[in-house]
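*Asks:* The following file, start-v4.tsv, comprises TSV, C-alpha atoms:
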chain	number	residue	atom	x	y	z
V	13	GLU	CA	9.27	7.16	-19.96
V	14	ALA	CA	11.27	7.30	-16.74
V	15	GLY	CA	9.37	7.93	-13.55
V	16	VAL	CA	10.42	9.99	-10.57
V	17	THR	CA	13.80	8.75	-9.42
V	18	GLN	CA	15.38	9.24	-6.03
V	19	PHE	CA	18.87	8.68	-4.70
V	20	PRO	CA	20.03	7.18	-2.43
V	21	SER	CA	17.40	4.55	-1.80
V	22	HIS	CA	18.78	3.90	1.68
V	23	SER	CA	21.10	5.88	3.90
V	24	VAL	CA	22.35	5.27	7.43
V	25	ILE	CA	24.17	8.17	9.07
V	26	GLU	CA	25.19	9.19	12.55
V	27	LYS	CA	23.53	11.97	14.45
V	28	GLY	CA	25.18	15.25	13.60
V	29	GLN	CA	26.21	14.23	10.09
V	30	THR	CA	24.89	15.66	6.85
V	31	VAL	CA	22.84	13.85	4.23
V	32	THR	CA	21.76	15.06	0.81
V	33	LEU	CA	18.86	13.40	-0.98
V	34	ARG	CA	18.36	13.86	-4.69
V	35	CYS	CA	15.21	13.72	-6.79
V	36	ASP	CA	14.86	13.69	-10.56
V	37	PRO	CA	11.26	14.42	-11.54
V	38	ILE	CA	9.52	13.19	-14.65
V	39	SER	CA	10.79	15.17	-17.62
V	40	GLY	CA	8.65	18.21	-18.30
V	41	HIS	CA	7.04	18.32	-14.86
V	42	ASP	CA	7.26	21.83	-13.46
V	43	ASN	CA	5.86	20.89	-10.08
V	44	LEU	CA	8.12	19.03	-7.65
V	45	TYR	CA	7.18	18.05	-4.09
V	46	TRP	CA	8.94	16.61	-1.09
V	47	TYR	CA	7.06	14.56	1.50
V	48	ARG	CA	8.21	12.61	4.53
V	49	ARG	CA	6.86	9.63	6.43
V	50	VAL	CA	8.16	9.10	9.92
V	51	MET	CA	7.78	5.48	11.03
V	52	GLY	CA	4.14	4.41	11.21
V	53	LYS	CA	2.73	7.88	10.83
V	54	GLU	CA	1.11	9.77	8.01
V	55	ILE	CA	2.98	11.07	5.00
V	56	LYS	CA	3.52	14.77	5.54
V	57	PHE	CA	4.10	17.52	3.01
V	58	LEU	CA	7.43	19.31	3.25
V	59	LEU	CA	7.55	21.69	0.30
V	60	HIS	CA	6.55	22.40	-3.28
V	61	PHE	CA	8.61	23.84	-6.14
V	62	VAL	CA	7.23	25.31	-9.32
V	63	LYS	CA	10.19	25.18	-11.65
V	64	GLU	CA	13.04	26.61	-9.54
V	65	SER	CA	10.85	28.65	-7.18
V	66	LYS	CA	9.61	27.53	-3.79
V	67	GLN	CA	5.83	27.79	-4.01
V	68	ASP	CA	5.08	26.49	-0.52
V	69	GLU	CA	7.59	25.47	2.14
V	70	SER	CA	5.16	25.46	5.04
V	71	GLY	CA	5.90	21.84	5.89
V	72	MET	CA	9.65	22.17	6.40
V	73	PRO	CA	10.21	21.19	10.03
V	74	ASN	CA	13.11	23.51	10.88
V	75	ASN	CA	16.18	25.24	9.46
V	76	ARG	CA	18.23	22.05	9.46
V	77	PHE	CA	16.42	21.19	6.24
V	78	LEU	CA	17.38	22.91	2.99
V	79	ALA	CA	15.80	22.17	-0.37
V	80	GLU	CA	17.02	23.45	-3.71
V	81	ARG	CA	16.01	23.06	-7.32
V	82	THR	CA	18.57	24.87	-9.40
V	83	GLY	CA	17.57	25.30	-13.03
V	84	GLY	CA	14.16	23.86	-12.38
V	85	THR	CA	15.20	20.27	-13.04
V	86	TYR	CA	16.39	17.96	-10.28
V	87	SER	CA	16.07	18.84	-6.62
V	88	THR	CA	18.12	18.16	-3.52
V	89	LEU	CA	17.06	18.01	0.10
V	90	LYS	CA	19.86	18.45	2.60
V	91	VAL	CA	19.59	17.66	6.29
V	92	GLN	CA	22.35	19.27	8.34
V	93	PRO	CA	22.97	18.31	11.10
V	94	ALA	CA	20.79	15.20	11.17
V	95	GLU	CA	18.91	14.29	14.34
V	96	LEU	CA	17.40	10.96	15.39
V	97	GLU	CA	13.85	12.19	14.73
V	98	ASP	CA	14.73	12.84	11.08
V	99	SER	CA	14.66	9.09	10.41
V	100	GLY	CA	11.97	8.08	7.97
V	101	VAL	CA	11.16	7.81	4.30
V	102	TYR	CA	11.51	10.90	2.14
V	103	PHE	CA	9.32	10.85	-0.95
V	104	CYS	CA	9.71	13.07	-3.95
V	105	ALA	CA	6.84	13.61	-6.37
V	106	SER	CA	6.17	15.58	-9.53
V	107	SER	CA	3.27	16.73	-11.66
V	108	LEU	CA	2.55	18.75	-14.78
V	109	SER	CA	1.89	22.42	-14.49
V	110	LEU	CA	-1.91	22.38	-14.50
V	111	SER	CA	-3.77	22.03	-11.24
V	112	GLY	CA	-5.58	18.74	-10.98
V	113	ASN	CA	-2.96	16.65	-12.72
V	114	THR	CA	-1.90	13.38	-11.17
V	115	ILE	CA	1.01	13.60	-8.75
V	116	TYR	CA	3.56	10.83	-9.38
V	117	PHE	CA	5.78	9.60	-6.58
V	118	GLY	CA	9.24	8.11	-6.47
V	119	GLU	CA	10.22	5.05	-4.50
V	120	GLY	CA	11.45	7.09	-1.57
V	121	SER	CA	14.76	7.55	0.19
V	122	TRP	CA	14.93	5.66	3.48
V	123	LEU	CA	16.96	7.60	6.03
V	124	THR	CA	18.10	6.14	9.31
V	125	VAL	CA	19.89	8.39	11.79
V	126	VAL	CA	21.69	6.48	14.55
H	29	GLY	CA	-7.12	22.51	8.62
H	30	ASN	CA	-7.52	19.66	6.19
H	31	SER	CA	-7.07	16.15	7.55
H	32	VAL	CA	-7.61	12.50	6.66
H	33	THR	CA	-8.41	9.68	9.07
H	34	GLN	CA	-8.22	6.05	8.01
H	35	MET	CA	-8.71	2.83	9.87
H	36	GLU	CA	-5.75	1.44	11.73
H	37	GLY	CA	-4.19	-1.78	10.63
H	38	PRO	CA	-2.90	-4.18	10.04
H	39	VAL	CA	-5.84	-5.73	8.28
H	40	THR	CA	-5.34	-9.45	7.73
H	41	LEU	CA	-7.62	-11.30	5.31
H	42	SER	CA	-7.73	-14.63	3.57
H	43	GLU	CA	-7.56	-14.74	-0.20
H	44	GLU	CA	-10.91	-13.98	-1.88
H	45	ALA	CA	-12.26	-12.18	1.17
H	46	PHE	CA	-14.07	-8.85	0.91
H	47	LEU	CA	-12.03	-5.78	1.77
H	48	THR	CA	-13.10	-2.46	3.23
H	49	ILE	CA	-10.67	0.19	4.43
H	50	ASN	CA	-12.45	3.17	5.93
H	51	CYS	CA	-11.39	6.73	5.20
H	52	THR	CA	-12.98	9.98	6.35
H	53	TYR	CA	-11.80	13.51	5.75
H	54	THR	CA	-12.12	17.07	6.95
H	55	ALA	CA	-11.66	19.83	4.41
H	56	THR	CA	-12.93	23.21	3.37
H	57	GLY	CA	-14.56	23.40	0.00
H	58	TYR	CA	-14.63	20.41	-2.32
H	59	PRO	CA	-11.38	18.48	-2.30
H	60	SER	CA	-10.28	15.74	-4.67
H	61	LEU	CA	-9.85	12.36	-3.00
H	62	PHE	CA	-7.28	9.65	-3.69
H	63	TRP	CA	-6.14	6.22	-2.70
H	64	TYR	CA	-2.43	5.52	-3.07
H	65	VAL	CA	-0.81	2.11	-2.59
H	66	GLN	CA	2.75	1.18	-1.67
H	67	TYR	CA	3.74	-2.39	-2.49
H	68	PRO	CA	6.74	-3.86	-0.65
H	69	GLY	CA	9.96	-2.30	-1.90
H	70	GLU	CA	8.21	0.10	-4.25
H	71	GLY	CA	7.13	3.72	-4.29
H	72	LEU	CA	3.69	5.22	-3.90
H	73	GLN	CA	1.35	4.54	-6.79
H	74	LEU	CA	-1.97	6.18	-7.47
H	75	LEU	CA	-4.64	3.49	-7.19
H	76	LEU	CA	-7.78	5.53	-7.87
H	77	LYS	CA	-9.25	8.98	-7.47
H	78	ALA	CA	-12.50	10.94	-7.43
H	79	THR	CA	-12.78	14.65	-7.98
H	80	LYS	CA	-16.39	15.47	-7.05
H	81	ALA	CA	-19.24	14.24	-4.89
H	82	ASP	CA	-20.79	10.89	-5.88
H	83	ASP	CA	-17.92	10.09	-8.25
H	84	LYS	CA	-16.70	6.51	-8.05
H	85	GLY	CA	-13.04	5.81	-8.66
H	86	SER	CA	-12.06	2.29	-9.69
H	87	ASN	CA	-8.95	0.39	-10.70
H	88	LYS	CA	-7.67	-3.21	-10.48
H	89	GLY	CA	-10.95	-4.35	-8.87
H	90	PHE	CA	-10.76	-1.68	-6.16
H	91	GLU	CA	-13.35	1.05	-5.92
H	92	ALA	CA	-14.24	3.99	-3.70
H	93	THR	CA	-17.12	6.46	-3.81
H	94	TYR	CA	-16.82	10.13	-2.86
H	95	ARG	CA	-19.52	10.66	-0.22
H	96	LYS	CA	-19.86	14.33	0.62
H	97	GLU	CA	-22.67	13.83	3.13
H	98	THR	CA	-20.57	11.49	5.27
H	99	THR	CA	-17.18	13.00	4.22
H	100	SER	CA	-15.96	9.51	3.42
H	101	PHE	CA	-14.04	7.69	0.68
H	102	HIS	CA	-13.94	4.06	1.77
H	103	LEU	CA	-11.87	1.62	-0.29
H	104	GLU	CA	-13.47	-1.71	-1.24
H	105	LYS	CA	-12.58	-4.82	-3.17
H	106	GLY	CA	-14.80	-7.82	-3.58
H	107	SER	CA	-12.12	-10.50	-3.63
H	108	VAL	CA	-8.58	-9.79	-2.48
H	109	GLN	CA	-5.48	-11.60	-3.67
H	110	VAL	CA	-2.14	-12.22	-2.01
H	111	SER	CA	-0.63	-9.72	-4.45
H	112	ASP	CA	-2.82	-6.98	-2.93
H	113	SER	CA	-0.74	-7.07	0.25
H	114	ALA	CA	0.56	-3.53	0.61
H	115	VAL	CA	0.13	-0.27	2.53
H	116	TYR	CA	-2.88	1.79	1.43
H	117	PHE	CA	-3.02	5.55	1.92
H	118	CYS	CA	-6.09	7.74	1.65
H	119	ALA	CA	-5.38	11.33	0.67
H	120	LEU	CA	-7.04	14.58	-0.31
H	121	ARG	CA	-6.03	17.58	-2.34
H	122	SER	CA	-7.68	20.84	-1.53
H	123	ALA	CA	-9.58	22.66	-4.22
H	124	TYR	CA	-7.32	25.62	-3.46
H	125	GLY	CA	-3.89	24.06	-3.74
H	126	ASN	CA	-1.70	21.32	-5.10
H	127	LYS	CA	-0.39	19.56	-2.03
H	128	LEU	CA	-1.74	16.23	-0.82
H	129	VAL	CA	-2.81	15.53	2.76
H	130	PHE	CA	-2.45	11.85	3.69
H	131	GLY	CA	-3.87	9.52	6.26
H	132	ALA	CA	-1.57	7.34	8.36
H	133	GLY	CA	-1.79	4.36	6.03
H	134	THR	CA	-3.32	0.91	6.50
H	135	ILE	CA	-1.29	-2.25	6.15
H	136	LEU	CA	-3.16	-5.02	4.33
H	137	ARG	CA	-1.95	-8.60	4.59
H	138	VAL	CA	-3.62	-11.26	2.48
H	139	LYS	CA	-2.98	-14.91	3.32
H	140	SER	CA	-3.28	-17.74	0.83
Re-express the file's structure as structure tokens.
*Replies:*
Amino acid sequence: EAGVTQFPSHSVIEKGQTVTLRCDPISGHDNLYWYRRVMGKEIKFLLHFVKESKQDESGMPNNRFLAERTGGTYSTLKVQPAELEDSGVYFCASSLSLSGNTIYFGEGSWLTVV
Amino acid sequence: GNSVTQMEGPVTLSEEAFLTINCTYTATGYPSLFWYVQYPGEGLQLLLKATKADDKGSNKGFEATYRKETTSFHLEKGSVQVSDSAVYFCALRSAYGNKLVFGAGTILRVKS
């Protein structure tokens, strides 16, 4: 069974440009999460989808970040315009619908803004 | 709010040495506790977990015990290997929600 997959694995963009990260959760997982790790710091929660609905977006840093999950399958996270402080690793994760189930992570998308 | 504090690294050990990575937490209620590991070039993997006080999680020779009285979940391994070199993250999930709260991560380097 395929795990959580993320694309691209690495991206280098200039300040002011736009980047879109994609996440494909494990098939059948209603819950989808985005997290971010800025260099050397803790991994921080960004937001949580249940199917196509945003359950909790309290971790989104500002309105330059837009997450979508049309149809309740894959999700995208767009950063527009990107700033230097957006550099880091963006992790996607998914879990089954019941609370308490293991949360499975992808390999992360490494974003560098120069 | 909920938070996790883990010891700073990097931790450098020789092969077969004993490992301890300290983790303490602050949370309301009774959270579930986790250790995740990130090997070089790979994603986050769940290493072990404990869901209630005095539970011991174990996997691949690693273990951690949920200590409510000291709000701790220290990771231990009796004999580390070079292949254990990775970044280790302690995390909690509140009893009232689904999202994970992570510590800053501890780099472990094991020398042969």
*Asks:* List every protein, DNA or RNA residue that has at least one atom no more than 7 Å from (8.7, 19.9, -13.3) in the file's coordinates, counting only C-alpha atoms, and write the result as JSON, numbers by chain.
*Replies:* {"V": [37, 38, 39, 40, 41, 42, 43, 44, 62, 63, 84, 85, 106, 107, 108]}
*Asks:* Up to 7 Å from chain V, what residues of chain H turn up? Count all atoms listed in the file and give them as a PyMOL selection string.
*Replies:* chain H and resi 70-73+126+129-133
*Asks:* Please report the interatomic distance between CA of Val91 in chain V and CA of Phe117 in chain H in Å with one decimal.
*Replies:*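 Spanning CA of Val91 in chain V to CA of Phe117 in chain H is a straight-line distance of 26.0 Å.
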*Asks:* I want to know what sits within 12 Å of Asn87 in chain H, based on all atoms listed in the file, with residues of the same chain fewer than 6 positions away left out; could you give that as a list in words?
*Replies:*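 These residues fall inside the cut-off: Phe62, Trp63, Tyr64, Val65, Gln73, Leu74, Leu75, Leu76, Lys77, Ala78, Leu103, Glu104 and Lys105 of chain H.
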*Asks:* For the selection you just gave me, I'd like the residues written to a file as a PDB file, keeping the file's coordinate frame, keeping C-alpha atoms.
*Replies:*
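Dumped to again_26.pdb:
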ATOM      1  CA  PHE H  62      -7.280   9.650  -3.690  1.00  0.00           C
ATOM      2  CA  TRP H  63      -6.140   6.220  -2.700  1.00  0.00           C
ATOM      3  CA  TYR H  64      -2.430   5.520  -3.070  1.00  0.00           C
ATOM      4  CA  VAL H  65      -0.810   2.110  -2.590  1.00  0.00           C
ATOM      5  CA  GLN H  73       1.350   4.540  -6.790  1.00  0.00           C
ATOM      6  CA  LEU H  74      -1.970   6.180  -7.470  1.00  0.00           C
ATOM      7  CA  LEU H  75      -4.640   3.490  -7.190  1.00  0.00           C
ATOM      8  CA  LEU H  76      -7.780   5.530  -7.870  1.00  0.00           C
ATOM      9  CA  LYS H  77      -9.250   8.980  -7.470  1.00  0.00           C
ATOM     10  CA  ALA H  78     -12.500  10.940  -7.430  1.00  0.00           C
ATOM     11  CA  LEU H 103     -11.870   1.620  -0.290  1.00  0.00           C
ATOM     12  CA  GLU H 104     -13.470  -1.710  -1.240  1.00  0.00           C
ATOM     13  CA  LYS H 105     -12.580  -4.820  -3.170  1.00  0.00           C
TER      14      LYS H 105
END
*Asks:* Set the distance at 6 Å and use only C-alpha atoms: which residues neighbour Ser60 in chain H once local chain neighbours fewer than 3 positions away are removed? I'd like the list as number ranges by chain.
*Replies:* H: 78-79, 120-121
*Asks:* Scan for residues within 12 Å of the point (18.3, 24.1, -5.6) in the coordinates of the file, using all atoms listed in the file, and reply as an mmCIF file with C-alpha atoms, keeping the file's coordinate frame.
*Replies:*
data_model
loop_
_atom_site.group_PDB
_atom_site.id
_atom_site.type_symbol
_atom_site.label_atom_id
_atom_site.label_comp_id
_atom_site.auth_asym_id
_atom_site.auth_seq_id
_atom_site.Cartn_x
_atom_site.Cartn_y
_atom_site.Cartn_z
ATOM 1 C CA THR V 32 21.760 15.060 0.810
ATOM 2 C CA LEU V 33 18.860 13.400 -0.980
ATOM 3 C CA ARG V 34 18.360 13.860 -4.690
ATOM 4 C CA CYS V 35 15.210 13.720 -6.790
ATOM 5 C CA LEU V 44 8.120 19.030 -7.650
ATOM 6 C CA PHE V 61 8.610 23.840 -6.140
ATOM 7 C CA VAL V 62 7.230 25.310 -9.320
ATOM 8 C CA LYS V 63 10.190 25.180 -11.650
ATOM 9 C CA GLU V 64 13.040 26.610 -9.540
ATOM 10 C CA SER V 65 10.850 28.650 -7.180
ATOM 11 C CA LYS V 66 9.610 27.530 -3.790
ATOM 12 C CA LEU V 78 17.380 22.910 2.990
ATOM 13 C CA ALA V 79 15.800 22.170 -0.370
ATOM 14 C CA GLU V 80 17.020 23.450 -3.710
ATOM 15 C CA ARG V 81 16.010 23.060 -7.320
ATOM 16 C CA THR V 82 18.570 24.870 -9.400
ATOM 17 C CA GLY V 83 17.570 25.300 -13.030
ATOM 18 C CA GLY V 84 14.160 23.860 -12.380
ATOM 19 C CA THR V 85 15.200 20.270 -13.040
ATOM 20 C CA TYR V 86 16.390 17.960 -10.280
ATOM 21 C CA SER V 87 16.070 18.840 -6.620
ATOM 22 C CA THR V 88 18.120 18.160 -3.520
ATOM 23 C CA LEU V 89 17.060 18.010 0.100
ATOM 24 C CA LYS V 90 19.860 18.450 2.600
#
*Asks:* To one decimal in Å, tell me the separation between CA of Tyr53 in chain H and CA of Asn30 in chain H.
*Replies:*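 Spanning CA of Tyr53 in chain H to CA of Asn30 in chain H is a straight-line distance of 7.5 Å.
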*Asks:* Draw an axis-aligned box over all listed atoms of range 59-69 of chain V, pad each side with 8 Å, and write its centre and edge lengths in Å, one decimal, as lines of an AutoDock Vina configuration file.
*Replies:*
center_x = 9.1
center_y = 25.2
center_z = -4.8
size_x = 24.0
size_y = 23.0
size_z = 29.8
*Asks:* Which residues come within 9 Å of Val126 in chain V, counting only C-alpha atoms, excluding same-chain residues fewer than 3 positions away, as a PyMOL selection string?
*Replies:* chain V and resi 24-27+95-96+99
*Asks:* Between CA of Ser122 in chain H and CA of Gly57 in chain H, what is the distance in Å, rounded to a tenth?
*Replies:*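 Atom-to-atom, CA of Ser122 in chain H to CA of Gly57 in chain H, that is 7.5 Å.
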*Asks:* Residues within 12 Å of Glu97 in chain H, please, as a ChimeraX atom specification. Count all atoms listed in the file; anything in the same chain fewer than 5 positions from it doesn't count.
*Replies:* /H:52-54,58,81-82
*Asks:* Please list as a ChimeraX atom specification every residue within 8 Å of Arg137 in chain H, counting all atoms listed in the file and excluding residues in the same chain fewer than 3 positions away.
*Replies:* /H:38-41,110,112-114
*Asks:* Since the input lacks some atoms of range 68-79 of chain H, please model all heavy atoms and print them as a tab-separated table (two decimals), in the frame of the given file.
*Replies:*
chain	number	residue	atom	x	y	z
H	68	PRO	N	5.44	-3.68	-1.28
H	68	PRO	CA	6.74	-3.86	-0.65
H	68	PRO	C	7.89	-3.53	-1.58
H	68	PRO	O	7.96	-4.02	-2.71
H	68	PRO	CB	6.73	-5.35	-0.28
H	68	PRO	CG	5.29	-5.69	-0.12
H	68	PRO	CD	4.56	-4.86	-1.14
H	69	GLY	N	8.78	-2.65	-1.12
H	69	GLY	CA	9.96	-2.30	-1.90
H	69	GLY	C	9.73	-1.34	-3.04
H	69	GLY	O	10.64	-1.08	-3.83
H	70	GLU	N	8.52	-0.81	-3.14
H	70	GLU	CA	8.21	0.10	-4.25
H	70	GLU	C	7.77	1.47	-3.73
H	70	GLU	O	7.61	1.68	-2.54
H	70	GLU	CB	7.13	-0.51	-5.14
H	70	GLU	CG	7.54	-1.84	-5.77
H	70	GLU	CD	6.49	-2.37	-6.72
H	70	GLU	OE1	5.61	-1.60	-7.14
H	70	GLU	OE2	6.58	-3.57	-7.06
H	71	GLY	N	7.59	2.39	-4.65
H	71	GLY	CA	7.13	3.72	-4.29
H	71	GLY	C	5.63	3.80	-4.21
H	71	GLY	O	4.93	2.80	-4.37
H	72	LEU	N	5.13	4.99	-3.95
H	72	LEU	CA	3.69	5.22	-3.90
H	72	LEU	C	3.11	5.25	-5.31
H	72	LEU	O	3.65	5.91	-6.19
H	72	LEU	CB	3.39	6.57	-3.24
H	72	LEU	CG	3.50	6.64	-1.73
H	72	LEU	CD1	3.41	8.09	-1.29
H	72	LEU	CD2	2.43	5.81	-1.07
H	73	GLN	N	2.01	4.53	-5.49
H	73	GLN	CA	1.35	4.54	-6.79
H	73	GLN	C	-0.10	4.99	-6.60
H	73	GLN	O	-0.75	4.58	-5.64
H	73	GLN	CB	1.33	3.13	-7.40
H	73	GLN	CG	2.67	2.51	-7.62
H	73	GLN	CD	2.55	1.08	-8.10
H	73	GLN	OE1	1.57	0.69	-8.71
H	73	GLN	NE2	3.57	0.27	-7.83
H	74	LEU	N	-0.56	5.80	-7.52
H	74	LEU	CA	-1.97	6.18	-7.47
H	74	LEU	C	-2.82	4.97	-7.82
H	74	LEU	O	-2.65	4.35	-8.86
H	74	LEU	CB	-2.25	7.31	-8.46
H	74	LEU	CG	-3.69	7.77	-8.55
H	74	LEU	CD1	-4.16	8.36	-7.23
H	74	LEU	CD2	-3.87	8.78	-9.68
H	75	LEU	N	-3.75	4.63	-6.94
H	75	LEU	CA	-4.64	3.49	-7.19
H	75	LEU	C	-5.93	3.97	-7.85
H	75	LEU	O	-6.37	3.41	-8.85
H	75	LEU	CB	-4.95	2.79	-5.86
H	75	LEU	CG	-5.85	1.57	-5.93
H	75	LEU	CD1	-5.27	0.48	-6.81
H	75	LEU	CD2	-6.11	1.03	-4.52
H	76	LEU	N	-6.56	4.99	-7.29
H	76	LEU	CA	-7.78	5.53	-7.87
H	76	LEU	C	-8.03	6.91	-7.29
H	76	LEU	O	-7.44	7.30	-6.28
H	76	LEU	CB	-8.97	4.61	-7.64
H	76	LEU	CG	-9.29	4.18	-6.21
H	76	LEU	CD1	-10.14	5.19	-5.49
H	76	LEU	CD2	-10.00	2.82	-6.22
H	77	LYS	N	-8.94	7.64	-7.95
H	77	LYS	CA	-9.25	8.98	-7.47
H	77	LYS	C	-10.68	9.35	-7.82
H	77	LYS	O	-11.30	8.73	-8.68
H	77	LYS	CB	-8.29	10.01	-8.07
H	77	LYS	CG	-8.46	10.22	-9.57
H	77	LYS	CD	-7.49	11.28	-10.08
H	77	LYS	CE	-7.69	11.54	-11.58
H	77	LYS	NZ	-6.73	12.56	-12.08
H	78	ALA	N	-11.19	10.38	-7.13
H	78	ALA	CA	-12.50	10.94	-7.43
H	78	ALA	C	-12.42	12.44	-7.17
H	78	ALA	O	-11.85	12.87	-6.17
H	78	ALA	CB	-13.58	10.30	-6.55
H	79	THR	N	-12.97	13.20	-8.07
H	79	THR	CA	-12.78	14.65	-7.98
H	79	THR	C	-14.02	15.41	-7.56
H	79	THR	O	-13.94	16.61	-7.27
H	79	THR	CB	-12.27	15.22	-9.31
H	79	THR	OG1	-13.21	14.87	-10.33
H	79	THR	CG2	-10.91	14.64	-9.67
